[in-house]
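In what follows, a structure is listed as structure tokens, so that the remarks can point back to it.
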Amino acid sequence: MRVVFFCISLLVTALLIFALGTATWAPLALGNFLSPQHGIWQNAEPAKQSFDAELNFPDLKGNATVYIDERLVPHIIADNDEDAYFIQGYLHAKFRLWQMEFQTYAAAGRISEIVGDVALDYDRAARRKGITYAAENLLKEIEANPITKAEVDNYTAGVNAYIATITESRLPVEYKLLGYVPEKWNNLKTALFVKQMTETLAGFEDDLPMTKALAYFGDAKLRLLFPQIADSLDPVIPKGTIYPEASVHPIPPASKDSLYIQPDTTIVQGKLKEIEKPNPANGSNNWAVSGSKTQSGAPILCNDPHLNLTLPSIWYEIQMITPSMNAYGVSFPGAPGVIIGFNDSIAFGFTSSERDVKDYYAIQFKDETKTQYRFNNDWKNADLRIEEIKIKGKPSVYDTVAYTVFGPVTYDNSFPASAMPGKALAARWKAHDPSNELLLWHYLDRAKNYEDYENALQYFTCPAHNVAFASKSGDIAIWQQGTFPARWNRQGVYVMPGEDSSYMWQTFIPRSENPHILNPARGFISSANQRPADSAYHYFIPGEYDLYRGIEVNRRLAAMNNITPQDMMKLQNDNYNVFAETARPLLLKYINQSSLEGTAFKYLDTIQNWSLKNDVNLIAPTFFTLWFNNLEKQIWDDEFEKAGIDKMHPSQPTLIEALLRDSAFSFIDNINTPQTETIADVINASFIQTVANADSLAAINKLSWGAYKNTTIYHLLKAKVMPFARTGLMIGGGKHVVNATQHDHGPSWRMIVHLTKETEAYVVYPGGQSGNPGSPYYDSFVDKWAAGEYYKAWIMKKGEEGSDRLVWKMIFKKG
């Protein structure tokens with residue numbers, strides 16, 4: 001039945017492409033697309049498809065076997081590391097080829113080659129961000145190190161070994177729809193993938209909108225609107241921790257007050273336009289509890305990274321067994337190793353640091369050729385990179401990107417940022433610097449103890465993360481690991497002058513001074529993208545921090561004892577809304593019930609009696625979300641619209657804490673009206689507006705939280721139709737909630753590792769092991785994930801080759 005449904009759905013999709021006039025990026029000729037021998041019918045995978053195989057490759061050093069379990073999870077047993085990475089590359093290509101290649105096209109700014117000039121601005125932006133430049137620098141370091149060079153060489157050989165076998169009929173369906181074929185893989189593509197993920201997790205900044213806001217509000221008001229530390233902060237490293245004095249002391253330039261934070265009133269007019277930035281909701285939860293708090297006496301480590309929900313999934317589950325490692329977890333199709341997981345001795349997980357490691361500098365070019373720019377009282381030669389952007393069906397477009405001492409000029413007169421008319425802006429991004437992050441995973445996958453973990457961390461420079469650790473020897477720890485610029489106060493909040501070296505990053509924070517803790521007295525470590533340290537930390541560390549998930553995680557863990565893996569499952573799926581707990585009393589305090597009528601009383605009662613859980617069938621989470629969104633518009637829109645900024649407002653925690661501190665908060669009053677609005681006015685007006693919104697939603701049966709949120713896992717091409725996507729998943733959670741599932745964003749992998757003598761692990765992700773929409777393994781984990789359930793991972797050991805968990809076997813031989 002699935003085979004028939006897949007073919008019909010895919011045919012409808014193809015016909016829609018043609019009917020909507022987008023045949024330029026549709027496939028081969030329609031006849032070939034529908035050909036029984038080569039077309040879409042060949043992508044429909046039977047339910048009883050066998051994956052057994054005997055394969056011979058001259059690149060192998062010895063023999064290896066892949067045992068595939070009932071969930072299509074491969075367990076690689078190889079005689080050496082080189083063959084294991086070759087096989088990993090082969091499996092990634094076999095099950096995820098289109099996905100892994102498409103992502104490297106995106107990183108390199110090559111999407112126009114596939115879909116035409118509709119992607120031209122995207123490609124120009126990718127080139128101007130310098131992602132390929134960053135990947136080239138990464139690749140130099142990878143290939144200079146014999147360990148990582150061997151890993152990527154063998155991984156690449158494995159990918160290409162599969163590509164060499166693929167026929168037109170067996171091409172992934174996306175190639176057929178888009179009308180192109182795969183290239184040979186190379187090591188640069190792996191580096192591009194790594195830097196694409198770096199951009200996702202460390203490419204966010206607000207320098208341009210903050211600079212435009214400075215012109216309207218001034219620095220003093222912006223310190224209030226965008227504070228560095230929230231009143232209710234519960235940081236990664238517990239409050240009260242005593243930090244050593246800073247060992248480096250960056251010196252602000254003498255012109256800071258007169259030149260840097262002085263508003264430039266010439267840029268107030270007009271709307272701000274920026275290139276697309278990563279989703280600010282990208283983040284994660286992780287925590288580990290020591291044996292003193294668990295029922296078994298063994299540590300438990302948990303992790304759930306929050307990313308865009310996509311099909312194929314970003315993750316591919318795998319076990320790799322060689323004489324040097326036995327690593328289990330998830331991998332990135334496109335890169336070698338286990339990225340989040342565990343081995344025989346330890347477990348490890350990641351959350352994004354949310355620290356700002358990207359700044360913009362205003363550049364003065366000598367003339368339109370962009371060959372020279374002003375620097376330190378001289379004209380310095382720019383390195384010009386001529387970017388050829390090939391466009392499907394049309395001539396190439398050429399773009400000249402100038403590289404300066406800071407980095408690539410992202411915005412200039414041919415690709416302008418309206419916030420800075422007439423100025424060129426160069427990006428100083430830590431991800432451009434030479435590094436070799438693959439060494440982190442090489443050593444983590446083989447780590448035995450805390451010392452091995454700490455040694456591995458030194459190779460992780462960008463994107464910075466909070467790396468959680470637990471071991472069978474009983475240790476738990478967390479480091480905020482990355483290489484961070486040591487900033488003077490307010491450095492990098494706004495676009496900085498780039499005409500001399502005085503505003504450049506002067507040095508980096510020594511790694512030993514990054515926030516970290518080992519075996520805390522409270523018996524647990526955790527992070528949820530909140531600020532890593534309180535005001536006792538001596539460095540200026542701007543970022544896009546979360547707040548309330550960390551509060552709830554720490555509150556729950558502190559109260560728990562005799563913890564089991566099942567308790568951790570409940571916590572990862574916890575729907576309690578601490579933000580609503582904070583905001584509701586203030587909102588209800590000012591409601592004027594005498595002015596209410598009709599359904600308003602029903603909605604008020606719903607909020608008053610709400611459990612504060614974002615459960616799927618409740619109306620209250622929807623009403624509360626709409627109410628606070630409307631309140632934000634009431635308070636911010638008048639002034640931010642006048643400032644020309646529509647995509648950056650103060651955070652919700654900032655607003656509620658400001659209102660709790662000061663009921664006469666100056667931004668409550670609407671500057672466009674003659675009267676003076678009070679806190680009661682805006683709360684009641686936003687409530688009445690929300691009643692109308694809620695009535696409209698109720699009329700179409702979309703007022704319950706699950707229906708309103710409509711959690712959807714889109715295909716990477718943003719296709720919404722089956723069999724490419726899963727829509728209408730009824731899941732609770734949301735923003736500010738430990739279960740961070742939003743409309744198309746949320747927990748992309750849930751993992752609970754119980755470090756008993758025989759490791760016990762529970763895992764799930766919103767997808768399936770196959771990237772083929774015509775396979776039953778394309779989305780086979782989604783329903784379990786949506787229900788908040790888990791699979792008990794089968795951690796294969798040598799000697800279990802006859803287990804009834806094994807369904808298929810792939811034998812790899814040299815030859």
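Chain identifiers are assigned as A, B, and so on, following the order in which chains appear in the structure tokens; residues are numbered from 1 within each chain, and ligands are numbered from 1 in order of appearance.
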
(request) Can you pull out every residue within 7 Å of Leu425 (chain A), counting only C-alpha atoms, but drop anything in the same chain fewer than 5 positions away, and send it as an NGL selection string? (result) :A and (360-363 or 409-412)

Produce a file of the selected residues containing N, CA and C atoms, as a compact mmCIF listing (two decimals), in the first residue's frame.
# COMPACT_ATOMS: atom_id res chain seq x y z
N TYR A 360 30.75 42.80 12.69
CA TYR A 360 30.88 43.50 11.42
C TYR A 360 31.69 44.79 11.60
N TYR A 361 32.48 45.10 10.56
CA TYR A 361 33.31 46.30 10.53
C TYR A 361 32.99 47.11 9.28
N ALA A 362 32.85 48.43 9.45
CA ALA A 362 32.59 49.32 8.34
C ALA A 362 33.90 49.60 7.60
N ILE A 363 33.90 49.31 6.30
CA ILE A 363 35.10 49.42 5.46
C ILE A 363 34.94 50.60 4.50
N VAL A 409 33.96 40.95 2.78
CA VAL A 409 32.99 42.04 2.78
C VAL A 409 31.64 41.45 2.37
N THR A 410 30.77 41.31 3.33
CA THR A 410 29.47 40.68 3.10
C THR A 410 28.51 41.64 2.41
N TYR A 411 28.51 42.89 2.85
CA TYR A 411 27.63 43.91 2.28
C TYR A 411 28.49 45.01 1.64
N ASP A 412 28.11 45.43 0.43
CA ASP A 412 28.75 46.58 -0.19
C ASP A 412 27.74 47.22 -1.14

(message) DSSP on the backbone: which residues in region 22-190 of chain A end up as alpha helix (DSSP H)? Give the answer as a count of residues only.
(response) 88

(request) Excluding region 48-64 of chain A and any residue of its chain fewer than 2 positions from it, enumerate the residues within 6 Å of it, using only C-alpha atoms, and give them as an NGL selection string. (result) :A and (46 or 77-78 or 83 or 808-815)

(message) Just want the 9 Å neighbourhood of Val738 (chain A), counted on only C-alpha atoms, with same-chain residues fewer than 6 positions away dropped. Output as a PyMOL selection string.
(response) chain A and resi 285+528+548-550+552-553+571-577

Just want the 12 Å neighbourhood of Asn489 (chain A), counted on only C-alpha atoms, with same-chain residues fewer than 4 positions away dropped. Output as a JSON list (two decimals) with N, CA and C atoms, in the first residue's frame.
[["chain", "number", "residue", "atom", "x", "y", "z"],
["A", 223, "ARG", "N", 20.80, 49.42, 26.33],
["A", 223, "ARG", "CA", 21.26, 48.62, 27.48],
["A", 223, "ARG", "C", 20.08, 48.12, 28.30],
["A", 228, "GLN", "N", 22.37, 42.37, 29.38],
["A", 228, "GLN", "CA", 23.29, 41.25, 29.29],
["A", 228, "GLN", "C", 22.91, 40.12, 30.25],
["A", 249, "HIS", "N", 43.10, 41.46, 29.42],
["A", 249, "HIS", "CA", 42.31, 42.68, 29.66],
["A", 249, "HIS", "C", 42.29, 43.52, 28.39],
["A", 250, "PRO", "N", 41.33, 43.27, 27.49],
["A", 250, "PRO", "CA", 41.26, 44.08, 26.27],
["A", 250, "PRO", "C", 41.00, 45.54, 26.58],
["A", 251, "ILE", "N", 41.65, 46.41, 25.83],
["A", 251, "ILE", "CA", 41.58, 47.85, 26.09],
["A", 251, "ILE", "C", 40.71, 48.51, 25.03],
["A", 252, "PRO", "N", 39.66, 49.21, 25.44],
["A", 252, "PRO", "CA", 38.81, 49.88, 24.45],
["A", 252, "PRO", "C", 39.55, 51.04, 23.80],
["A", 253, "PRO", "N", 39.24, 51.32, 22.54],
["A", 253, "PRO", "CA", 39.90, 52.45, 21.87],
["A", 253, "PRO", "C", 39.45, 53.77, 22.46],
["A", 256, "LYS", "N", 35.98, 55.20, 21.52],
["A", 256, "LYS", "CA", 34.78, 54.37, 21.71],
["A", 256, "LYS", "C", 33.54, 55.21, 21.93],
["A", 257, "ASP", "N", 33.57, 56.15, 22.85],
["A", 257, "ASP", "CA", 32.38, 56.93, 23.17],
["A", 257, "ASP", "C", 32.01, 57.91, 22.07],
["A", 260, "TYR", "N", 32.09, 55.10, 18.35],
["A", 260, "TYR", "CA", 31.45, 53.78, 18.29],
["A", 260, "TYR", "C", 30.02, 53.81, 18.80],
["A", 261, "ILE", "N", 29.80, 54.31, 20.00],
["A", 261, "ILE", "CA", 28.44, 54.28, 20.55],
["A", 261, "ILE", "C", 27.71, 55.60, 20.36],
["A", 485, "PRO", "N", 36.47, 35.57, 21.54],
["A", 485, "PRO", "CA", 37.23, 36.81, 21.64],
["A", 485, "PRO", "C", 37.07, 37.43, 23.03],
["A", 493, "VAL", "N", 28.70, 44.83, 19.92],
["A", 493, "VAL", "CA", 27.24, 44.98, 19.99],
["A", 493, "VAL", "C", 26.74, 45.71, 18.75],
["A", 494, "TYR", "N", 27.54, 46.67, 18.27],
["A", 494, "TYR", "CA", 27.21, 47.44, 17.08],
["A", 494, "TYR", "C", 28.30, 47.23, 16.02],
["A", 538, "HIS", "N", 34.21, 37.39, 34.68],
["A", 538, "HIS", "CA", 34.88, 38.67, 34.48],
["A", 538, "HIS", "C", 34.95, 39.15, 33.04],
["A", 539, "TYR", "N", 34.40, 38.39, 32.11],
["A", 539, "TYR", "CA", 34.47, 38.81, 30.72],
["A", 539, "TYR", "C", 33.11, 39.25, 30.21],
["A", 540, "PHE", "N", 33.14, 40.12, 29.21],
["A", 540, "PHE", "CA", 31.92, 40.57, 28.53],
["A", 540, "PHE", "C", 31.56, 39.51, 27.49],
["A", 541, "ILE", "N", 30.39, 38.88, 27.64],
["A", 541, "ILE", "CA", 30.05, 37.72, 26.80],
["A", 541, "ILE", "C", 28.64, 37.89, 26.21],
["A", 542, "PRO", "N", 28.50, 38.76, 25.22],
["A", 542, "PRO", "CA", 27.18, 38.94, 24.59],
["A", 542, "PRO", "C", 26.75, 37.68, 23.85]]

(request) If you run DSSP over the backbone, which residues in region 420-554 of chain A end up strand (DSSP E or B)? Put them as an NGL selection string. (result) :A and (424-429 or 465-471 or 476-481 or 485 or 496-497 or 508 or 516-518 or 524-527 or 530 or 543 or 546)

(message) Calculated over only C-alpha atoms, which of the candidates A:Gly89, A:Pro209, A:Gly130, A:Pro182 has the smallest distance to Pro336 (chain A)?
(response)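 Among the listed residues, A:Gly89 lies closest to Pro336 (chain A).
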
(request) Check the smallest atom-to-atom distance from each of A:Ala692, A:Val338, A:Ala47, A:Ile111 to Leu717 (chain A) using only C-alpha atoms, then report the winner. (result)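 Closest to Leu717 (chain A) of all the choices is A:Ile111.
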
Using only C-alpha atoms, which residues sit within 9 Å of Leu586 (chain A) once same-chain residues fewer than 4 positions away are excluded, as a PDB file with N, CA, C and O atoms, in the first residue's frame?
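File written: part19.pdb
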ATOM      1  N   THR A 582       5.661  32.981  35.141  1.00  0.00           N
ATOM      2  CA  THR A 582       6.172  34.304  35.493  1.00  0.00           C
ATOM      3  C   THR A 582       5.229  35.407  35.048  1.00  0.00           C
ATOM      4  O   THR A 582       4.997  36.381  35.780  1.00  0.00           O
ATOM      5  N   TYR A 590      -4.082  43.060  35.990  1.00  0.00           N
ATOM      6  CA  TYR A 590      -4.579  44.301  35.392  1.00  0.00           C
ATOM      7  C   TYR A 590      -5.815  44.110  34.517  1.00  0.00           C
ATOM      8  O   TYR A 590      -6.281  45.055  33.885  1.00  0.00           O
ATOM      9  N   ILE A 656       8.884  40.928  30.203  1.00  0.00           N
ATOM     10  CA  ILE A 656       8.142  40.617  31.422  1.00  0.00           C
ATOM     11  C   ILE A 656       8.905  41.056  32.660  1.00  0.00           C
ATOM     12  O   ILE A 656       8.321  41.550  33.636  1.00  0.00           O
ATOM     13  N   LEU A 659       8.402  44.824  33.032  1.00  0.00           N
ATOM     14  CA  LEU A 659       7.075  45.160  33.554  1.00  0.00           C
ATOM     15  C   LEU A 659       6.946  44.799  35.027  1.00  0.00           C
ATOM     16  O   LEU A 659       6.257  45.496  35.793  1.00  0.00           O
ATOM     17  N   LEU A 660       7.591  43.721  35.440  1.00  0.00           N
ATOM     18  CA  LEU A 660       7.547  43.350  36.857  1.00  0.00           C
ATOM     19  C   LEU A 660       8.330  44.350  37.714  1.00  0.00           C
ATOM     20  O   LEU A 660       7.948  44.633  38.858  1.00  0.00           O
TER      21      LEU A 660
END

(message) For a quick check of understanding, using only C-alpha atoms, which of A:Ala424, A:Ala468, A:Leu259, A:Leu222 has the smallest distance to Pro408 (chain A)?
(response)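 That would be A:Ala424, the residue with the smallest distance to Pro408 (chain A).
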
(request) Would you list the contacts of Met100 (chain A) as number ranges by chain, taking every protein, DNA or RNA residue within 7 Å and counting only C-alpha atoms, but skipping same-chain residues closer than 4 positions in sequence? (result) A: 96, 104, 333-334

(message) Here is a test: counting only C-alpha atoms, which residue of A:Lys129, A:Leu171, A:Ile68, A:Gly337 is nearest to Ala426 (chain A)?
(response) A:Lys129

(message) Given only C-alpha atoms as the basis, pick out the residue of A:Glu101, A:Glu113, A:Glu632, A:Asp153 nearest to Tyr85 (chain A).
(response)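 The closest residue to Tyr85 (chain A) is A:Asp153.
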
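Rounded to one decimal, CA of Gly283 (chain A) and CA of Ser353 (chain A) lie 8.2 Å from each other.
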
Tell me, counting only C-alpha atoms, for each residue of region 293-319 of chain A within 10 Å of region 503-525 of chain A, which pair of atoms is nearest and how far apart they are in Å to one decimal, in rows ordered by chain and increasing number, as a Markdown table.
| residue | atom | partner | partner_atom | distance |
| --- | --- | --- | --- | --- |
| A:Lys293 | CA | A:Gly523 | CA | 6.6 |
| A:Thr294 | CA | A:Gly523 | CA | 9.7 |
| A:Pro299 | CA | A:Phe524 | CA | 9.3 |
| A:Ile300 | CA | A:Phe524 | CA | 9.5 |
| A:Leu301 | CA | A:Ile525 | CA | 9.4 |

(message) Rounded to one decimal, what separation in Å do you get between CA of Tyr603 (chain A) and CA of Gly706 (chain A)?
(response)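 Atom-to-atom, CA of Tyr603 (chain A) and CA of Gly706 (chain A) are spaced 17.4 Å apart.
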